[in-house]
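Peer 1: Next comes the structure file target22.pdb, holding PDB, C-alpha atoms, pLDDT in the B column.
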ATOM      1  CA  MET K  40      35.155   6.463 -20.604  1.00 73.00           C
ATOM      2  CA  ARG K  41      34.421   3.537 -22.918  1.00 77.00           C
ATOM      3  CA  GLN K  42      38.130   2.762 -23.254  1.00 80.00           C
ATOM      4  CA  ALA K  43      38.526   2.732 -19.490  1.00 80.00           C
ATOM      5  CA  ALA K  44      35.513   0.442 -19.113  1.00 82.00           C
ATOM      6  CA  ALA K  45      36.890  -1.873 -21.814  1.00 83.00           C
ATOM      7  CA  PHE K  46      40.280  -1.950 -20.088  1.00 80.00           C
ATOM      8  CA  VAL K  47      38.696  -2.794 -16.719  1.00 86.00           C
ATOM      9  CA  ALA K  48      36.597  -5.525 -18.362  1.00 87.00           C
ATOM     10  CA  LEU K  49      39.695  -7.051 -19.962  1.00 89.00           C
ATOM     11  CA  VAL K  50      41.573  -6.958 -16.655  1.00 86.00           C
ATOM     12  CA  VAL K  51      38.672  -8.644 -14.848  1.00 89.00           C
ATOM     13  CA  LEU K  52      38.375 -11.243 -17.606  1.00 88.00           C
ATOM     14  CA  GLY K  53      42.108 -11.941 -17.513  1.00 85.00           C
ATOM     15  CA  TRP K  54      42.004 -12.303 -13.743  1.00 86.00           C
ATOM     16  CA  THR K  55      39.106 -14.781 -13.894  1.00 87.00           C
ATOM     17  CA  VAL K  56      40.939 -16.838 -16.550  1.00 81.00           C
ATOM     18  CA  TRP K  57      44.039 -17.001 -14.344  1.00 83.00           C
ATOM     19  CA  ASP K  58      42.183 -17.530 -11.053  1.00 81.00           C
ATOM     20  CA  THR K  59      39.983 -20.345 -12.386  1.00 81.00           C
ATOM     21  CA  GLY K  60      42.879 -22.124 -14.073  1.00 78.00           C
ATOM     22  CA  ALA K  61      41.166 -22.003 -17.465  1.00 78.00           C
ATOM     23  CA  ASP K  62      43.991 -23.575 -19.459  1.00 78.00           C
ATOM     24  CA  PRO K  63      43.254 -24.768 -23.028  1.00 82.00           C
ATOM     25  CA  VAL K  64      46.408 -26.911 -22.898  1.00 82.00           C
ATOM     26  CA  ARG K  65      45.004 -28.912 -19.979  1.00 83.00           C
ATOM     27  CA  LEU K  66      41.793 -29.419 -21.962  1.00 81.00           C
ATOM     28  CA  ALA K  67      43.771 -30.618 -24.967  1.00 84.00           C
ATOM     29  CA  HIS K  68      45.631 -33.112 -22.748  1.00 83.00           C
ATOM     30  CA  GLY K  69      42.288 -34.393 -21.446  1.00 82.00           C
ATOM     31  CA  LEU K  70      40.721 -34.993 -24.858  1.00 85.00           C
ATOM     32  CA  PRO K  71      42.095 -38.561 -25.183  1.00 86.00           C
ATOM     33  CA  TRP K  72      40.506 -39.439 -21.825  1.00 87.00           C
ATOM     34  CA  ILE K  73      37.170 -37.992 -23.004  1.00 84.00           C
ATOM     35  CA  ALA K  74      37.419 -40.005 -26.218  1.00 87.00           C
ATOM     36  CA  ASP K  75      38.156 -43.162 -24.225  1.00 84.00           C
ATOM     37  CA  PHE K  76      35.203 -42.471 -21.928  1.00 81.00           C
ATOM     38  CA  VAL K  77      32.870 -42.072 -24.906  1.00 84.00           C
ATOM     39  CA  ARG K  78      34.287 -45.234 -26.484  1.00 87.00           C
ATOM     40  CA  ARG K  79      33.492 -47.255 -23.361  1.00 84.00           C
ATOM     41  CA  MET K  80      29.891 -45.973 -23.437  1.00 82.00           C
ATOM     42  CA  LEU K  81      29.312 -47.473 -26.883  1.00 84.00           C
ATOM     43  CA  PRO K  82      27.250 -49.300 -27.844  1.00 85.00           C
ATOM     44  CA  PRO K  83      24.411 -48.455 -25.413  1.00 84.00           C
ATOM     45  CA  ASP K  84      23.053 -51.323 -23.333  1.00 82.00           C
ATOM     46  CA  LEU K  85      19.422 -51.604 -24.448  1.00 84.00           C
ATOM     47  CA  ALA K  86      18.716 -54.173 -21.739  1.00 84.00           C
ATOM     48  CA  VAL K  87      18.276 -51.320 -19.251  1.00 85.00           C
ATOM     49  CA  LEU K  88      15.965 -49.363 -21.585  1.00 87.00           C
ATOM     50  CA  PRO K  89      12.718 -50.304 -19.752  1.00 88.00           C
ATOM     51  CA  ALA K  90      14.155 -49.140 -16.412  1.00 87.00           C
ATOM     52  CA  THR K  91      15.475 -45.882 -17.856  1.00 88.00           C
ATOM     53  CA  LEU K  92      12.172 -45.185 -19.598  1.00 90.00           C
ATOM     54  CA  LEU K  93      10.433 -45.636 -16.259  1.00 89.00           C
ATOM     55  CA  GLY K  94      12.900 -43.207 -14.734  1.00 87.00           C
ATOM     56  CA  ALA K  95      12.191 -40.727 -17.550  1.00 87.00           C
ATOM     57  CA  VAL K  96       8.461 -40.953 -16.853  1.00 89.00           C
ATOM     58  CA  LYS K  97       9.128 -40.285 -13.160  1.00 89.00           C
ATOM     59  CA  THR K  98      11.247 -37.282 -14.101  1.00 89.00           C
ATOM     60  CA  VAL K  99       8.460 -35.827 -16.254  1.00 89.00           C
ATOM     61  CA  GLU K 100       5.957 -36.462 -13.462  1.00 90.00           C
ATOM     62  CA  ILE K 101       8.173 -34.679 -10.931  1.00 90.00           C
ATOM     63  CA  ALA K 102       8.585 -31.654 -13.197  1.00 90.00           C
ATOM     64  CA  LEU K 103       4.938 -31.562 -14.280  1.00 91.00           C
ATOM     65  CA  LEU K 104       3.435 -31.834 -10.804  1.00 92.00           C
ATOM     66  CA  GLY K 105       5.971 -29.487  -9.256  1.00 91.00           C
ATOM     67  CA  THR K 106       5.457 -26.865 -11.975  1.00 92.00           C
ATOM     68  CA  ALA K 107       1.652 -27.088 -11.789  1.00 92.00           C
ATOM     69  CA  VAL K 108       1.596 -26.603  -8.019  1.00 93.00           C
ATOM     70  CA  ALA K 109       4.167 -23.818  -8.208  1.00 93.00           C
ATOM     71  CA  ALA K 110       2.210 -22.000 -10.934  1.00 91.00           C
ATOM     72  CA  ALA K 111      -0.832 -21.837  -8.658  1.00 91.00           C
ATOM     73  CA  LEU K 112       1.111 -20.850  -5.529  1.00 91.00           C
ATOM     74  CA  ALA K 113       3.037 -18.169  -7.417  1.00 89.00           C
ATOM     75  CA  LEU K 114      -0.113 -16.370  -8.586  1.00 87.00           C
ATOM     76  CA  PRO K 115      -0.929 -14.513  -5.336  1.00 86.00           C
ATOM     77  CA  LEU K 116       2.775 -13.995  -4.651  1.00 87.00           C
ATOM     78  CA  GLY K 117       3.171 -12.360  -8.056  1.00 84.00           C
ATOM     79  CA  PHE K 118       0.462  -9.826  -7.298  1.00 82.00           C
ATOM     80  CA  VAL K 119       1.714  -8.927  -3.817  1.00 84.00           C
ATOM     81  CA  SER K 120       5.260  -8.453  -5.167  1.00 84.00           C
ATOM     82  CA  ALA K 121       4.238  -6.187  -8.073  1.00 80.00           C
ATOM     83  CA  ARG K 122       5.102  -2.552  -7.473  1.00 81.00           C
ATOM     84  CA  ASN K 123       2.086  -1.118  -9.287  1.00 77.00           C
ATOM     85  CA  VAL K 124      -0.447  -3.356  -7.516  1.00 73.00           C
ATOM     86  CA  ALA K 125       0.717  -3.956  -3.955  1.00 73.00           C
ATOM     87  CA  PRO K 126       1.234  -1.170  -1.399  1.00 78.00           C
ATOM     88  CA  PRO K 127       4.854  -0.531  -0.323  1.00 80.00           C
ATOM     89  CA  ALA K 128       4.275  -2.164   3.069  1.00 83.00           C
ATOM     90  CA  VAL K 129       3.485  -5.421   1.253  1.00 83.00           C
ATOM     91  CA  PHE K 130       5.643  -5.062  -1.855  1.00 81.00           C
ATOM     92  CA  TYR K 131       9.072  -4.706  -0.226  1.00 86.00           C
ATOM     93  CA  PRO K 132       8.790  -7.641   2.219  1.00 86.00           C
ATOM     94  CA  ALA K 133       7.294  -9.856  -0.516  1.00 84.00           C
ATOM     95  CA  ARG K 134      10.030  -9.015  -3.022  1.00 84.00           C
ATOM     96  CA  THR K 135      12.709  -9.579  -0.352  1.00 87.00           C
ATOM     97  CA  VAL K 136      11.312 -13.023   0.470  1.00 86.00           C
ATOM     98  CA  LEU K 137      11.201 -13.950  -3.219  1.00 85.00           C
ATOM     99  CA  ASN K 138      14.807 -12.908  -3.751  1.00 85.00           C
ATOM    100  CA  LEU K 139      15.870 -14.815  -0.650  1.00 86.00           C
ATOM    101  CA  PHE K 140      14.286 -18.121  -1.619  1.00 86.00           C
ATOM    102  CA  ARG K 141      15.221 -17.803  -5.302  1.00 84.00           C
ATOM    103  CA  SER K 142      18.875 -17.697  -4.316  1.00 85.00           C
ATOM    104  CA  VAL K 143      18.707 -21.372  -3.262  1.00 85.00           C
ATOM    105  CA  ASP K 144      19.064 -23.868  -6.114  1.00 85.00           C
ATOM    106  CA  THR K 145      16.647 -26.737  -6.765  1.00 86.00           C
ATOM    107  CA  LEU K 146      19.342 -29.279  -5.937  1.00 86.00           C
ATOM    108  CA  VAL K 147      19.850 -27.758  -2.487  1.00 88.00           C
ATOM    109  CA  TYR K 148      16.109 -27.880  -1.854  1.00 89.00           C
ATOM    110  CA  ALA K 149      16.176 -31.540  -2.917  1.00 88.00           C
ATOM    111  CA  LEU K 150      18.862 -32.298  -0.335  1.00 88.00           C
ATOM    112  CA  ILE K 151      16.774 -30.619   2.358  1.00 89.00           C
ATOM    113  CA  PHE K 152      13.568 -32.450   1.449  1.00 90.00           C
ATOM    114  CA  VAL K 153      15.305 -35.821   1.083  1.00 88.00           C
ATOM    115  CA  ALA K 154      16.495 -35.392   4.654  1.00 87.00           C
ATOM    116  CA  ALA K 155      12.977 -34.349   5.707  1.00 87.00           C
ATOM    117  CA  VAL K 156      10.727 -36.879   3.941  1.00 86.00           C
ATOM    118  CA  GLY K 157      13.121 -39.587   2.716  1.00 83.00           C
ATOM    119  CA  LEU K 158      14.153 -40.873  -0.691  1.00 82.00           C
ATOM    120  CA  GLY K 159      11.967 -41.026  -3.777  1.00 82.00           C
ATOM    121  CA  PRO K 160      10.169 -38.718  -6.212  1.00 87.00           C
ATOM    122  CA  PHE K 161       8.234 -36.821  -3.520  1.00 89.00           C
ATOM    123  CA  PRO K 162      11.199 -34.732  -2.278  1.00 89.00           C
ATOM    124  CA  GLY K 163      11.934 -33.989  -5.939  1.00 88.00           C
ATOM    125  CA  VAL K 164       8.439 -32.609  -6.377  1.00 90.00           C
ATOM    126  CA  LEU K 165       8.818 -30.501  -3.230  1.00 92.00           C
ATOM    127  CA  ALA K 166      12.168 -29.171  -4.439  1.00 91.00           C
ATOM    128  CA  VAL K 167      10.698 -28.160  -7.797  1.00 91.00           C
ATOM    129  CA  VAL K 168       7.753 -26.486  -6.057  1.00 92.00           C
ATOM    130  CA  ALA K 169       9.992 -24.576  -3.636  1.00 90.00           C
ATOM    131  CA  TYR K 170      12.234 -23.091  -6.309  1.00 91.00           C
ATOM    132  CA  THR K 171       9.719 -22.671  -9.128  1.00 92.00           C
ATOM    133  CA  THR K 172       7.143 -20.892  -6.971  1.00 92.00           C
ATOM    134  CA  THR K 173       9.485 -18.012  -6.217  1.00 90.00           C
ATOM    135  CA  SER K 174      10.896 -17.927  -9.754  1.00 89.00           C
ATOM    136  CA  LEU K 175       7.455 -17.760 -11.339  1.00 90.00           C
ATOM    137  CA  ALA K 176       6.271 -15.207  -8.798  1.00 89.00           C
ATOM    138  CA  LYS K 177       9.160 -12.934  -9.807  1.00 88.00           C
ATOM    139  CA  LEU K 178       8.280 -13.334 -13.505  1.00 87.00           C
ATOM    140  CA  TYR K 179       4.592 -12.803 -12.760  1.00 87.00           C
ATOM    141  CA  SER K 180       5.311  -9.590 -10.863  1.00 85.00           C
ATOM    142  CA  GLU K 181       7.435  -8.208 -13.694  1.00 84.00           C
ATOM    143  CA  ALA K 182       4.656  -8.981 -16.180  1.00 82.00           C
ATOM    144  CA  ILE K 183       2.112  -7.227 -13.956  1.00 81.00           C
ATOM    145  CA  GLU K 184       4.359  -4.174 -13.653  1.00 77.00           C
ATOM    146  CA  GLY K 185       4.487  -3.942 -17.465  1.00 75.00           C
ATOM    147  CA  ILE K 186       0.724  -3.858 -18.110  1.00 72.00           C
ATOM    148  CA  GLU K 187      -1.056  -1.060 -19.958  1.00 72.00           C
ATOM    149  CA  PRO K 188      -2.691   1.271 -17.395  1.00 70.00           C
ATOM    150  CA  GLY K 189      -5.617   2.240 -19.691  1.00 71.00           C
ATOM    151  CA  PRO K 190      -7.886  -0.771 -19.054  1.00 67.00           C
ATOM    152  CA  VAL K 191      -7.125  -0.631 -15.339  1.00 66.00           C
ATOM    153  CA  ASP K 192      -8.025   3.068 -15.153  1.00 64.00           C
ATOM    154  CA  ALA K 193     -11.245   2.494 -17.110  1.00 73.00           C
ATOM    155  CA  ILE K 194     -12.398  -0.312 -14.809  1.00 70.00           C
ATOM    156  CA  THR K 195     -11.408   1.684 -11.727  1.00 69.00           C
ATOM    157  CA  ALA K 196     -13.494   4.634 -12.965  1.00 68.00           C
ATOM    158  CA  THR K 197     -16.612   2.446 -12.928  1.00 70.00           C
ATOM    159  CA  GLY K 198     -16.277   2.039  -9.167  1.00 67.00           C
ATOM    160  CA  ALA K 199     -15.050  -1.547  -9.324  1.00 66.00           C
ATOM    161  CA  SER K 200     -13.448  -3.063  -6.245  1.00 67.00           C
ATOM    162  CA  ARG K 201      -9.714  -3.765  -6.086  1.00 67.00           C
ATOM    163  CA  LEU K 202     -10.329  -7.471  -6.652  1.00 70.00           C
ATOM    164  CA  GLN K 203     -12.502  -6.728  -9.702  1.00 69.00           C
ATOM    165  CA  VAL K 204      -9.793  -4.456 -11.110  1.00 70.00           C
ATOM    166  CA  LEU K 205      -7.267  -7.247 -10.773  1.00 71.00           C
ATOM    167  CA  ARG K 206      -9.668  -9.805 -12.244  1.00 70.00           C
ATOM    168  CA  TYR K 207     -10.872  -7.807 -15.257  1.00 68.00           C
ATOM    169  CA  GLY K 208      -8.172  -5.189 -15.798  1.00 69.00           C
ATOM    170  CA  VAL K 209      -4.875  -6.896 -14.947  1.00 71.00           C
ATOM    171  CA  LEU K 210      -5.299 -10.657 -15.329  1.00 71.00           C
ATOM    172  CA  PRO K 211      -6.512 -10.645 -18.984  1.00 72.00           C
ATOM    173  CA  GLN K 212      -3.401  -8.670 -19.973  1.00 74.00           C
ATOM    174  CA  VAL K 213      -0.901 -10.928 -18.255  1.00 74.00           C
ATOM    175  CA  LEU K 214      -2.495 -14.376 -18.549  1.00 76.00           C
ATOM    176  CA  PRO K 215      -0.825 -15.278 -21.897  1.00 78.00           C
ATOM    177  CA  LEU K 216       2.543 -14.261 -20.454  1.00 80.00           C
ATOM    178  CA  PHE K 217       1.859 -16.276 -17.310  1.00 83.00           C
ATOM    179  CA  LEU K 218       1.128 -19.407 -19.352  1.00 83.00           C
ATOM    180  CA  SER K 219       4.255 -18.840 -21.437  1.00 84.00           C
ATOM    181  CA  TYR K 220       6.364 -18.519 -18.284  1.00 86.00           C
ATOM    182  CA  VAL K 221       4.871 -21.717 -16.861  1.00 88.00           C
ATOM    183  CA  LEU K 222       5.721 -23.651 -20.030  1.00 86.00           C
ATOM    184  CA  TYR K 223       9.247 -22.258 -20.011  1.00 84.00           C
ATOM    185  CA  ARG K 224       9.712 -23.228 -16.374  1.00 87.00           C
ATOM    186  CA  LEU K 225       8.422 -26.719 -17.198  1.00 88.00           C
ATOM    187  CA  GLU K 226      11.210 -27.037 -19.773  1.00 85.00           C
ATOM    188  CA  THR K 227      13.860 -25.995 -17.278  1.00 87.00           C
ATOM    189  CA  ASN K 228      12.353 -28.155 -14.538  1.00 89.00           C
ATOM    190  CA  ILE K 229      12.597 -31.218 -16.772  1.00 88.00           C
ATOM    191  CA  ARG K 230      16.329 -30.572 -17.021  1.00 85.00           C
ATOM    192  CA  ALA K 231      16.619 -29.854 -13.303  1.00 84.00           C
ATOM    193  CA  ALA K 232      14.667 -32.980 -12.368  1.00 84.00           C
ATOM    194  CA  THR K 233      17.074 -35.171 -14.344  1.00 85.00           C
ATOM    195  CA  VAL K 234      19.811 -34.521 -11.794  1.00 84.00           C
ATOM    196  CA  LEU K 235      17.679 -34.639  -8.649  1.00 84.00           C
ATOM    197  CA  GLY K 236      18.131 -38.406  -8.594  1.00 81.00           C
ATOM    198  CA  PHE K 237      21.812 -37.854  -7.820  1.00 82.00           C
ATOM    199  CA  VAL K 238      20.757 -36.788  -4.317  1.00 82.00           C
ATOM    200  CA  GLY K 239      18.050 -39.437  -3.932  1.00 78.00           C
ATOM    201  CA  ALA K 240      15.058 -37.461  -5.220  1.00 78.00           C
ATOM    202  CA  GLY K 241      13.984 -39.976  -7.859  1.00 77.00           C
ATOM    203  CA  GLY K 242      13.792 -39.775 -11.627  1.00 81.00           C
ATOM    204  CA  ILE K 243      16.178 -40.858 -14.330  1.00 86.00           C
ATOM    205  CA  GLY K 244      19.104 -39.237 -12.539  1.00 84.00           C
ATOM    206  CA  PHE K 245      18.974 -42.072  -9.996  1.00 84.00           C
ATOM    207  CA  TYR K 246      19.579 -44.644 -12.733  1.00 86.00           C
ATOM    208  CA  LEU K 247      22.299 -42.562 -14.371  1.00 85.00           C
ATOM    209  CA  GLN K 248      24.119 -42.162 -11.067  1.00 85.00           C
ATOM    210  CA  THR K 249      23.756 -45.872 -10.268  1.00 86.00           C
ATOM    211  CA  TYR K 250      25.172 -46.975 -13.601  1.00 87.00           C
ATOM    212  CA  LEU K 251      28.093 -44.571 -13.352  1.00 84.00           C
ATOM    213  CA  ARG K 252      28.935 -45.779  -9.842  1.00 85.00           C
ATOM    214  CA  MET K 253      28.835 -49.373 -11.091  1.00 86.00           C
ATOM    215  CA  ILE K 254      31.169 -48.341 -13.956  1.00 86.00           C
ATOM    216  CA  ASP K 255      28.502 -49.699 -16.317  1.00 85.00           C
ATOM    217  CA  TYR K 256      29.104 -47.124 -19.025  1.00 87.00           C
ATOM    218  CA  PRO K 257      26.926 -48.743 -21.757  1.00 89.00           C
ATOM    219  CA  ALA K 258      23.949 -48.653 -19.358  1.00 88.00           C
ATOM    220  CA  ALA K 259      24.778 -45.047 -18.447  1.00 88.00           C
ATOM    221  CA  SER K 260      24.865 -44.272 -22.153  1.00 88.00           C
ATOM    222  CA  THR K 261      21.316 -45.590 -22.532  1.00 89.00           C
ATOM    223  CA  ALA K 262      20.109 -43.441 -19.631  1.00 88.00           C
ATOM    224  CA  LEU K 263      21.838 -40.423 -21.124  1.00 87.00           C
ATOM    225  CA  LEU K 264      20.293 -40.978 -24.556  1.00 89.00           C
ATOM    226  CA  VAL K 265      16.824 -41.348 -23.024  1.00 89.00           C
ATOM    227  CA  THR K 266      17.394 -38.097 -21.147  1.00 88.00           C
ATOM    228  CA  VAL K 267      18.395 -36.254 -24.321  1.00 87.00           C
ATOM    229  CA  VAL K 268      15.369 -37.528 -26.254  1.00 88.00           C
ATOM    230  CA  MET K 269      13.042 -36.691 -23.354  1.00 87.00           C
ATOM    231  CA  VAL K 270      14.331 -33.125 -23.073  1.00 84.00           C
ATOM    232  CA  MET K 271      14.171 -32.578 -26.836  1.00 86.00           C
ATOM    233  CA  VAL K 272      10.565 -33.796 -27.033  1.00 87.00           C
ATOM    234  CA  ILE K 273       9.443 -31.643 -24.106  1.00 83.00           C
ATOM    235  CA  ASP K 274      11.261 -28.597 -25.479  1.00 80.00           C
ATOM    236  CA  GLY K 275       9.662 -29.073 -28.893  1.00 81.00           C
ATOM    237  CA  LEU K 276       6.148 -29.404 -27.511  1.00 82.00           C
ATOM    238  CA  SER K 277       6.606 -26.476 -25.140  1.00 76.00           C
ATOM    239  CA  SER K 278       7.995 -24.226 -27.880  1.00 77.00           C
ATOM    240  CA  LYS K 279       4.986 -24.917 -30.107  1.00 78.00           C
ATOM    241  CA  LEU K 280       2.569 -24.168 -27.274  1.00 77.00           C
ATOM    242  CA  ARG K 281       4.378 -20.968 -26.322  1.00 71.00           C
ATOM    243  CA  ALA K 282       4.365 -19.819 -29.963  1.00 73.00           C
ATOM    244  CA  GLN K 283       0.572 -20.102 -29.980  1.00 72.00           C
ATOM    245  CA  LEU K 284       0.320 -17.940 -26.854  1.00 62.00           C
ATOM    246  CA  VAL K 285       2.345 -15.037 -28.217  1.00 58.00           C
TER     247      VAL K 285
END
How does the structure come out when it is put into structure tokens?

Peer 2:
Amino acid sequence: MRQAAAFVALVVLGWTVWDTGADPVRLAHGLPWIADFVRRMLPPDLAVLPATLLGAVKTVEIALLGTAVAAALALPLGFVSARNVAPPAVFYPARTVLNLFRSVDTLVYALIFVAAVGLGPFPGVLAVVAYTTTSLAKLYSEAIEGIEPGPVDAITATGASRLQVLRYGVLPQVLPLFLSYVLYRLETNIRAATVLGFVGAGGIGFYLQTYLRMIDYPAASTALLVTVVMVMVIDGLSSKLRAQLV
């Protein structure tokens, strides 16, 4: 059985390599072009550093505001989509809606909101909220489904209401996980927000796209370096905070 499964996996892998045109020789032929592209990006143009730093701040603001709003909106959705908390009549529709909206990427949401409210950081915030709310709600629901039933049963035995059971029996168990998920989503939203500017949703991606279209590779290099430093700093801070929650 294992040999058959391994054979099928190899066949599928071979097919995907052929069908996607994954050819190492083509990559080798393209390496000189990559080297030339990198050469033209050096040295970075520090004259655009103030503008790119402003774009980085906007990117962090988009991710931070969008994640904060999504974390709050996802809280009730997480409870109604948890199998051990919500009744079936509520659980199945809620989980279906979450899966439906999670299938749409942040960039697609950004395109929709740019068309709806215009250019700028605001559609970026809305895009982050739209995707992150459903993603966090799914993570919240899975955390709720993994709680220890003992405290819940003890509080229920005292005659507590359903809301009191959730407040004192469920929430204390899952709150550290919730905060950890929010910090993790903030990390990923920082990365996602860097490219939202390519569709007009503000942030440092707008500057990076502009410089690339102008064939100003040294300026694009500066924007790229600022992006890397920004992501590394946010990841480092978030990792330390999440380590304290575990």

Peer 1: Kindly extract all protein, DNA and RNA residues lying within 7 Å of the coordinates (23.4, -48.0, -24.8) given in the file, considering only C-alpha atoms, and supply them as JSON, numbers by chain.

Peer 2: {"K": [80, 81, 82, 83, 84, 85, 257, 258, 260, 261]}

Peer 1: Using the selection just defined, write its residues with C-alpha atoms as a PDB file, keeping the file's coordinate frame.

Peer 2:
ATOM      1  CA  MET K  80      29.891 -45.973 -23.437  1.00 82.00           C
ATOM      2  CA  LEU K  81      29.312 -47.473 -26.883  1.00 84.00           C
ATOM      3  CA  PRO K  82      27.250 -49.300 -27.844  1.00 85.00           C
ATOM      4  CA  PRO K  83      24.411 -48.455 -25.413  1.00 84.00           C
ATOM      5  CA  ASP K  84      23.053 -51.323 -23.333  1.00 82.00           C
ATOM      6  CA  LEU K  85      19.422 -51.604 -24.448  1.00 84.00           C
ATOM      7  CA  PRO K 257      26.926 -48.743 -21.757  1.00 89.00           C
ATOM      8  CA  ALA K 258      23.949 -48.653 -19.358  1.00 88.00           C
ATOM      9  CA  SER K 260      24.865 -44.272 -22.153  1.00 88.00           C
ATOM     10  CA  THR K 261      21.316 -45.590 -22.532  1.00 89.00           C
TER      11      THR K 261
END

Peer 1: Expanded to explicit residues, what is the PyMOL selection byres ((chain K and resi 163) around 7) for this file, as a list in words?

Peer 2: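 When the PyMOL selection byres ((chain K and resi 163) around 7) is applied to the shown file, the picked residues are Ile101, Ala149, Pro160, Phe161, Pro162, Val164, Leu165, Ala166, Val167, Leu235, Ala240 and Gly241 of chain K.
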
Peer 1: Interatomic distance between atom CA of K:Ala48 and atom CA of K:His68?

Peer 2: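 Between atom CA of K:Ala48 and atom CA of K:His68 the gap is 29.4 Å.
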
Peer 1: Carefully work through the PyMOL selection byres ((chain K and resi 246) around 12) for this structure and note down the residues it includes, as a PyMOL selection string.

Peer 2: chain K and resi 87-95+97-98+233-245+247-253+255-256+258-263+265-266

Peer 1: Provide the atom CA of K:Thr135 to atom CA of K:Ser120 distance in Å, to one decimal place.

Peer 2: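 These two atoms are separated by 8.9 Å.
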
Peer 1: Could you tell me how far atom CA of K:Ala111 sits from atom CA of K:Leu202, in Å to one decimal place?

Peer 2: 17.3 Å

Peer 1: Calculated over only C-alpha atoms, which of the candidates K:Leu280, K:Val99, K:Gly69, K:Thr227 has the smallest distance to K:Thr145?

Peer 2: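 Answer, going by the shortest atom-to-atom distance: K:Thr227.
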
Peer 1: Restricting the calculation to all atoms listed in the file, which member of K:Thr171, K:Gln212, K:Ser219, K:Asn228 is positioned closest to K:Ala113?

Peer 2: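 So, comparing all the options, the nearest one is K:Thr171.
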
Peer 1: For the file shown, what are the residues hit by the PyMOL selection byres ((chain K and resi 119) around 9), laid out as an mmCIF file with C-alpha atoms, keeping the file's coordinate frame?

Peer 2:
data_model
loop_
_atom_site.group_PDB
_atom_site.id
_atom_site.type_symbol
_atom_site.label_atom_id
_atom_site.label_comp_id
_atom_site.auth_asym_id
_atom_site.auth_seq_id
_atom_site.Cartn_x
_atom_site.Cartn_y
_atom_site.Cartn_z
ATOM 1 C CA PRO K 115 -0.929 -14.513 -5.336
ATOM 2 C CA LEU K 116 2.775 -13.995 -4.651
ATOM 3 C CA GLY K 117 3.171 -12.360 -8.056
ATOM 4 C CA PHE K 118 0.462 -9.826 -7.298
ATOM 5 C CA SER K 120 5.260 -8.453 -5.167
ATOM 6 C CA ALA K 121 4.238 -6.187 -8.073
ATOM 7 C CA ARG K 122 5.102 -2.552 -7.473
ATOM 8 C CA VAL K 124 -0.447 -3.356 -7.516
ATOM 9 C CA ALA K 125 0.717 -3.956 -3.955
ATOM 10 C CA PRO K 126 1.234 -1.170 -1.399
ATOM 11 C CA VAL K 129 3.485 -5.421 1.253
ATOM 12 C CA PHE K 130 5.643 -5.062 -1.855
ATOM 13 C CA ALA K 133 7.294 -9.856 -0.516
ATOM 14 C CA ARG K 134 10.030 -9.015 -3.022
ATOM 15 C CA SER K 180 5.311 -9.590 -10.863
#

Peer 1: List the spatial neighbours of K:Arg141 as a list in words - criterion: any atom at most 12 Å away, all atoms listed in the file, same-chain residues fewer than 3 positions off excluded.

Peer 2: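 Here the qualifying residues turn out to be Arg134, Thr135, Val136, Leu137, Asn138, Asp144, Thr145, Val147, Tyr148, Ala166, Val167, Val168, Ala169, Tyr170, Thr171, Thr172, Thr173, Ser174, Leu175, Ala176, Lys177 and Leu178 of chain K.
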
Peer 1: Quick one: contact table of stretch 117-234 of chain K to stretch 268-272 of chain K, 8 Å max, nearest atom pair and distance in Å to one decimal per residue, counting all atoms listed in the file, chain and number order, as CSV?

Peer 2:
residue,atom,partner,partner_atom,distance
K:Glu226,CA,K:Val270,CA,7.6
K:Ile229,CA,K:Val270,CA,6.8
K:Arg230,CA,K:Val270,CA,6.9

Peer 1: Counting all atoms listed in the file, which of K:Tyr223, K:Gly189, K:Asp274, K:Ala154 gets nearest to K:Val204?

Peer 2: K:Gly189

Peer 1: If you count only C-alpha atoms, which residues fall within 12 Å of K:Ala282, apart from same-chain ones fewer than 5 positions away, as a VMD selection string?

Peer 2: chain K and resid 215 to 216 218 to 220 222 to 223 275 to 277
